[in-house]
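Chemist: This structure is in structure tokens; I'll ask about it shortly.
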Amino acid sequence: MCGIVGYIGTKRAVPILLDGLKKLEYRGYDSAGISTLENNSLSCIKEKGRVDQLKNLVDNENLNGTIGIAHTRWATHGKPNKINSHPHFDNSKRFSVVHNGIIENYTDIKKFLMDNGYQFLSETDTEVIPNLINYYYEINHDFLKAVSLACNDLIGSYAIEVICSNFSNKMIIAKKDSPLVIGIADDGYYIASDIPAILSYTKNFYILEDNEIAELTLNEIKFYKNNLELVHKELETITWDASAIEKNGYDDFMLKEIYEQVTSIRETIGCKLNKSLIELDNIQFTKDFLSNINKIFIVACGTAMHAGLAVKSIFEKLCYIPVEVDMASEFRYRNPLVDNKTLAIFISQSGETADTIQALKLAKSKGATTLAISNVIGSSITREADIYIYTHAGPEIAVASTKAYTAQVVLLNIIALYCAQILETISLDEIELLKKEILSLPTKIELALKDISMVQNIAKKIYNAKDIFFLGRGIDYPVAMEGSLKLKEISYIHSEAYAGGELKHGPIALIEKDFPVIGILTDEKLLEKSISNIQEVISRGAKTIIVTNQELKKDFDYVIKIPNIHPYFSPILSVIPLQLLAYYISKEKGLDVDKPRNLAKSVTVE
């Protein structure tokens, strides 16, 4: 859940490391630190708080080394403070390590090392790593072998960078179940847990696989398996625009990313719908294969799970296959009924969500065909799955997901339509109609974003609320769930989402005068039922805010109109005012929109 960056080359390392940390701060921001090699000795500067606080300390130091590692932390073991911050040293201060992940057996390793005379300063799991490396180094005096032996002892997840005072021109990195990439440039090697951190320096990357180690010197890189068997790796080119990770005049990344949904949806659709038959990268299902599938699982966490819920009924209506949407963190532990007649779809924006990756591995072990959807090229989930397909949302920096979510919903709808086309469960005319509706989405999103004054005004009226309800029926219910989550994430207001018909089975007891209730009404077939539910809260004094594409005859406090679209695709439009509302409420409260407390962008721990 942390961010790491490293550099080995001909340039001064500190400015590169600080720049990378700033771009990774969405991964963790309760402390940060840097370690560089300075004339055969290791420097270490670290501090509780944000990267800017670290920069103030570093600016006062004369650090000119061209090899360095850095870390921004989201605490998992030990409180956020200077001692628990990374990098961590071994007792002899020979090795410096930064680490992303969780070492599950660290207490056993710590006891073993303490029995061998090692002492510990921090409360972290990470501190065992440099000391374990030093333990093996004392035995064999081989830097690479010491790292390899230490990694073999670690149970859990890790991405680590290691530098050693005995080796002034070398860095060793390793990974298991946490992301790590190496960028190649004329001046040296750039290492990071996320591509955007170093994208401004290079577009050419090596992507480390699980249980692999890389040994880097100033002019050479070698890849090994954990047993030190040499590995050949292919260089990959990433086509993201580096400027895409800057704010480009917007106050916050979240607002920028809300407006980028016009482009991200257009890019995700791409040329998939241009021909008479839908074509998907990497997916070539046959009618025999799909006819043999008796259940589809969609498995994800948080916002990505809401994307799955938004398309559950679409898959069932178009393909006549039962669909179950499950939280990855629960899926793993309930012995799901999965077999070789199951198609299991796993969604993760980062592609590194630990629970989702482990759920995928479980489904695969039971014989399911696994399909991964991610926004990050070369991410762990895409390498684990049988089949993968990317959204094309581009880098998403704000912790609260917006454009990645709508891109996921669009792509899942296209996959559902693709499967229906192969199964011949709907007519070609209906397929063409639905394709046109999907192709109209970028223009309609643009319209939805054209005038947001009403949303801003509503935010000013309700930002002091202590509780807010979101209501929706049918396909509007997952949108209510996502809207409620966005509000909780960035405004810290307690909110709940309910299926409209469930309101009277308990929650209505909480309604009182001026209690804000947000209703999503986009399905004409459910309109009258939904209005009846809204009337129930109005009669008890609630303040009502309606997001709709329907013509309403009833009076409500506020009505936010969105463009009309086929009901299947309304979640892509109706969520946009809710994203904006959460954003502007957070701004009214003076909160940090992009980095909400206690959260991190990429959840690489279970």
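Residues are named by chain letter and number: chains run A, B, ... in the order of the structure tokens, numbers start at 1 in each chain, and ligands are numbered from 1 in the order shown.
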As number ranges by chain, please: all residues of segment 142-209 of chain A that backbone DSSP puts in strand (DSSP E or B).

Modeler: A: 156-164, 167-177, 181-185, 188-192, 204-207

Chemist: Run DSSP on the backbone and give me the residues of segment 481-555 of chain A it puts in helix (DSSP H, G or I), as a ChimeraX atom specification.

Modeler: /A:481-491,500-502,507-510,524-538

Chemist: Which distance in Å separates atom CA of Ala174 of chain A and atom CA of Asp186 of chain A, to one decimal?

Modeler: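 The value is 22.8 Å.
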
Chemist: Excluding segment 415-430 of chain A and residues on its chain fewer than 4 positions from it, collect all residues at most 8 Å away from it, counting only C-alpha atoms, and give them as a list in words.

Modeler: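 Neighbouring residues, sequence-local ones excluded: Leu277, Ile278, Glu279, Leu280, Phe285, Thr286, Lys287, Leu290, Ser291, Ile314, Phe315, Leu318, Cys319, Tyr320, Leu411 and Leu434 of chain A.
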
Chemist: Any idea what's packed within 12 Å of Lys587 of chain A, counting only C-alpha atoms, ignoring anything in its chain fewer than 2 positions away? Could you give it as an MDAnalysis selection string?

Modeler: chainID A and resid 251:252 254:255 456 459:460 463:464 487 490:492 580:585 589:594 596

Chemist: Taking N, CA and C atoms for each residue, export the selection above as a PDB file, in the first residue's frame.

Modeler:
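The result, stored in out_38.pdb:
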ATOM      1  N   ASP A 251      -7.886  22.246 -10.257  1.00  0.00           N
ATOM      2  CA  ASP A 251      -7.490  22.398  -8.855  1.00  0.00           C
ATOM      3  C   ASP A 251      -7.021  21.086  -8.246  1.00  0.00           C
ATOM      4  N   ASP A 252      -7.627  19.992  -8.689  1.00  0.00           N
ATOM      5  CA  ASP A 252      -7.329  18.687  -8.101  1.00  0.00           C
ATOM      6  C   ASP A 252      -7.346  17.629  -9.192  1.00  0.00           C
ATOM      7  N   MET A 254      -8.773  14.761  -8.951  1.00  0.00           N
ATOM      8  CA  MET A 254     -10.103  14.158  -9.049  1.00  0.00           C
ATOM      9  C   MET A 254     -10.985  14.917 -10.028  1.00  0.00           C
ATOM     10  N   LEU A 255     -10.968  16.244  -9.953  1.00  0.00           N
ATOM     11  CA  LEU A 255     -11.791  17.027 -10.878  1.00  0.00           C
ATOM     12  C   LEU A 255     -11.305  16.831 -12.310  1.00  0.00           C
ATOM     13  N   GLN A 456     -22.896  22.378  -7.794  1.00  0.00           N
ATOM     14  CA  GLN A 456     -22.124  23.233  -6.887  1.00  0.00           C
ATOM     15  C   GLN A 456     -23.039  23.890  -5.848  1.00  0.00           C
ATOM     16  N   ALA A 459     -24.113  21.362  -3.230  1.00  0.00           N
ATOM     17  CA  ALA A 459     -22.993  21.097  -2.315  1.00  0.00           C
ATOM     18  C   ALA A 459     -22.918  22.151  -1.215  1.00  0.00           C
ATOM     19  N   LYS A 460     -23.127  23.410  -1.600  1.00  0.00           N
ATOM     20  CA  LYS A 460     -23.111  24.504  -0.613  1.00  0.00           C
ATOM     21  C   LYS A 460     -24.237  24.354   0.410  1.00  0.00           C
ATOM     22  N   TYR A 463     -23.391  20.483   2.639  1.00  0.00           N
ATOM     23  CA  TYR A 463     -22.076  19.977   3.041  1.00  0.00           C
ATOM     24  C   TYR A 463     -21.933  19.788   4.553  1.00  0.00           C
ATOM     25  N   ASN A 464     -22.810  20.409   5.328  1.00  0.00           N
ATOM     26  CA  ASN A 464     -22.750  20.235   6.783  1.00  0.00           C
ATOM     27  C   ASN A 464     -23.580  19.055   7.282  1.00  0.00           C
ATOM     28  N   LEU A 487     -18.943   9.761  -1.675  1.00  0.00           N
ATOM     29  CA  LEU A 487     -19.167  10.782  -0.650  1.00  0.00           C
ATOM     30  C   LEU A 487     -18.420  10.432   0.633  1.00  0.00           C
ATOM     31  N   ILE A 490     -14.335  10.895   0.356  1.00  0.00           N
ATOM     32  CA  ILE A 490     -13.637  12.177   0.294  1.00  0.00           C
ATOM     33  C   ILE A 490     -14.253  13.293   1.135  1.00  0.00           C
ATOM     34  N   SER A 491     -15.497  13.089   1.633  1.00  0.00           N
ATOM     35  CA  SER A 491     -16.099  14.145   2.461  1.00  0.00           C
ATOM     36  C   SER A 491     -16.211  13.735   3.923  1.00  0.00           C
ATOM     37  N   TYR A 492     -16.053  12.426   4.208  1.00  0.00           N
ATOM     38  CA  TYR A 492     -16.164  11.869   5.557  1.00  0.00           C
ATOM     39  C   TYR A 492     -17.566  12.034   6.139  1.00  0.00           C
ATOM     40  N   LEU A 580     -19.305  14.561  -8.945  1.00  0.00           N
ATOM     41  CA  LEU A 580     -19.117  16.004  -8.781  1.00  0.00           C
ATOM     42  C   LEU A 580     -19.641  16.483  -7.425  1.00  0.00           C
ATOM     43  N   LEU A 581     -20.776  15.944  -7.005  1.00  0.00           N
ATOM     44  CA  LEU A 581     -21.351  16.355  -5.728  1.00  0.00           C
ATOM     45  C   LEU A 581     -20.405  16.004  -4.583  1.00  0.00           C
ATOM     46  N   ALA A 582     -19.866  14.798  -4.596  1.00  0.00           N
ATOM     47  CA  ALA A 582     -18.901  14.401  -3.566  1.00  0.00           C
ATOM     48  C   ALA A 582     -17.690  15.329  -3.592  1.00  0.00           C
ATOM     49  N   TYR A 583     -17.221  15.636  -4.803  1.00  0.00           N
ATOM     50  CA  TYR A 583     -16.057  16.508  -4.949  1.00  0.00           C
ATOM     51  C   TYR A 583     -16.321  17.890  -4.347  1.00  0.00           C
ATOM     52  N   TYR A 584     -17.430  18.516  -4.723  1.00  0.00           N
ATOM     53  CA  TYR A 584     -17.691  19.893  -4.276  1.00  0.00           C
ATOM     54  C   TYR A 584     -18.068  19.961  -2.795  1.00  0.00           C
ATOM     55  N   ILE A 585     -18.689  18.915  -2.264  1.00  0.00           N
ATOM     56  CA  ILE A 585     -18.943  18.880  -0.819  1.00  0.00           C
ATOM     57  C   ILE A 585     -17.611  18.829  -0.066  1.00  0.00           C
ATOM     58  N   LYS A 589     -15.877  21.659   2.505  1.00  0.00           N
ATOM     59  CA  LYS A 589     -15.405  21.328   3.853  1.00  0.00           C
ATOM     60  C   LYS A 589     -13.909  21.583   4.026  1.00  0.00           C
ATOM     61  N   GLY A 590     -13.240  21.995   2.929  1.00  0.00           N
ATOM     62  CA  GLY A 590     -11.815  22.306   3.008  1.00  0.00           C
ATOM     63  C   GLY A 590     -10.920  21.094   3.159  1.00  0.00           C
ATOM     64  N   LEU A 591     -11.340  19.958   2.606  1.00  0.00           N
ATOM     65  CA  LEU A 591     -10.597  18.711   2.756  1.00  0.00           C
ATOM     66  C   LEU A 591      -9.653  18.465   1.581  1.00  0.00           C
ATOM     67  N   ASP A 592      -8.720  17.557   1.771  1.00  0.00           N
ATOM     68  CA  ASP A 592      -7.802  17.162   0.706  1.00  0.00           C
ATOM     69  C   ASP A 592      -8.512  16.137  -0.178  1.00  0.00           C
ATOM     70  N   VAL A 593      -8.996  16.579  -1.319  1.00  0.00           N
ATOM     71  CA  VAL A 593      -9.827  15.739  -2.189  1.00  0.00           C
ATOM     72  C   VAL A 593      -9.055  14.543  -2.720  1.00  0.00           C
ATOM     73  N   ASP A 594      -7.831  14.746  -3.166  1.00  0.00           N
ATOM     74  CA  ASP A 594      -7.079  13.685  -3.836  1.00  0.00           C
ATOM     75  C   ASP A 594      -6.510  12.646  -2.886  1.00  0.00           C
ATOM     76  N   PRO A 596      -7.667  11.390   0.534  1.00  0.00           N
ATOM     77  CA  PRO A 596      -8.495  11.251   1.737  1.00  0.00           C
ATOM     78  C   PRO A 596      -7.792  10.426   2.811  1.00  0.00           C
TER      79      PRO A 596
END

Chemist: Contacts of Asp241 of chain A at 12 Å or less, counting only C-alpha atoms, minus same-chain residues fewer than 2 places along, as a count of residues only?

Modeler: 18

Chemist: Skipping near chain neighbours, those fewer than 2 positions away, what residues fall within 9 Å of His232 of chain A using only C-alpha atoms, listed as a ChimeraX atom specification?

Modeler: /A:222-224,230,234

Chemist: Write the selection just made, keeping N, CA and C atoms, as a CSV table (one decimal), in the first residue's frame?

Modeler:
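For reference, part_33.csv as written:
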chain,number,residue,atom,x,y,z
A,222,LYS,N,20.6,-7.5,-14.9
A,222,LYS,CA,20.5,-8.9,-15.0
A,222,LYS,C,19.2,-9.3,-14.2
A,223,PHE,N,18.5,-10.3,-14.8
A,223,PHE,CA,17.3,-10.7,-14.1
A,223,PHE,C,17.4,-12.2,-13.7
A,224,TYR,N,16.9,-12.5,-12.5
A,224,TYR,CA,17.0,-13.9,-12.0
A,224,TYR,C,15.7,-14.3,-11.4
A,230,LEU,N,19.2,-17.4,-14.3
A,230,LEU,CA,19.0,-16.3,-15.2
A,230,LEU,C,17.7,-16.3,-15.9
A,234,GLU,N,11.7,-9.2,-21.9
A,234,GLU,CA,11.5,-8.4,-23.1
A,234,GLU,C,11.2,-6.9,-22.6

Chemist: Counting only C-alpha atoms, give me one row per residue of segment 127-239 of chain A with an atom at most 10 Å from an atom of segment 56-66 of chain A, showing the shortest contact pair and its distance in Å to one decimal, sorted by chain then residue number, as a tab-separated table.

Modeler:
residue	atom	partner	partner_atom	distance
A:Ser168	CA	A:Gly65	CA	9.5
A:Asn169	CA	A:Thr66	CA	8.8
A:Gly188	CA	A:Thr66	CA	9.5
A:Leu218	CA	A:Thr66	CA	9.2

Chemist: If you measure from atom CA of His71 of chain A to atom CA of Asn131 of chain A, what distance in Å do you get, rounded to one decimal?

Modeler: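 Value for the atom CA of His71 of chain A-atom CA of Asn131 of chain A distance: 18.3 Å.
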
Chemist: Taking 2 positions as the minimum chain separation for residues in the same chain, which residues sit within 8 Å of Glu437 of chain A when counting only C-alpha atoms? Answer as a ChimeraX atom specification.

Modeler: /A:433-435,439-441,565-566,569

Chemist: Please report the interatomic distance between atom CA of Asp523 of chain A and atom CA of Gly474 of chain A in Å with one decimal.

Modeler: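 Atom CA of Asp523 of chain A sits 7.8 Å away from atom CA of Gly474 of chain A.
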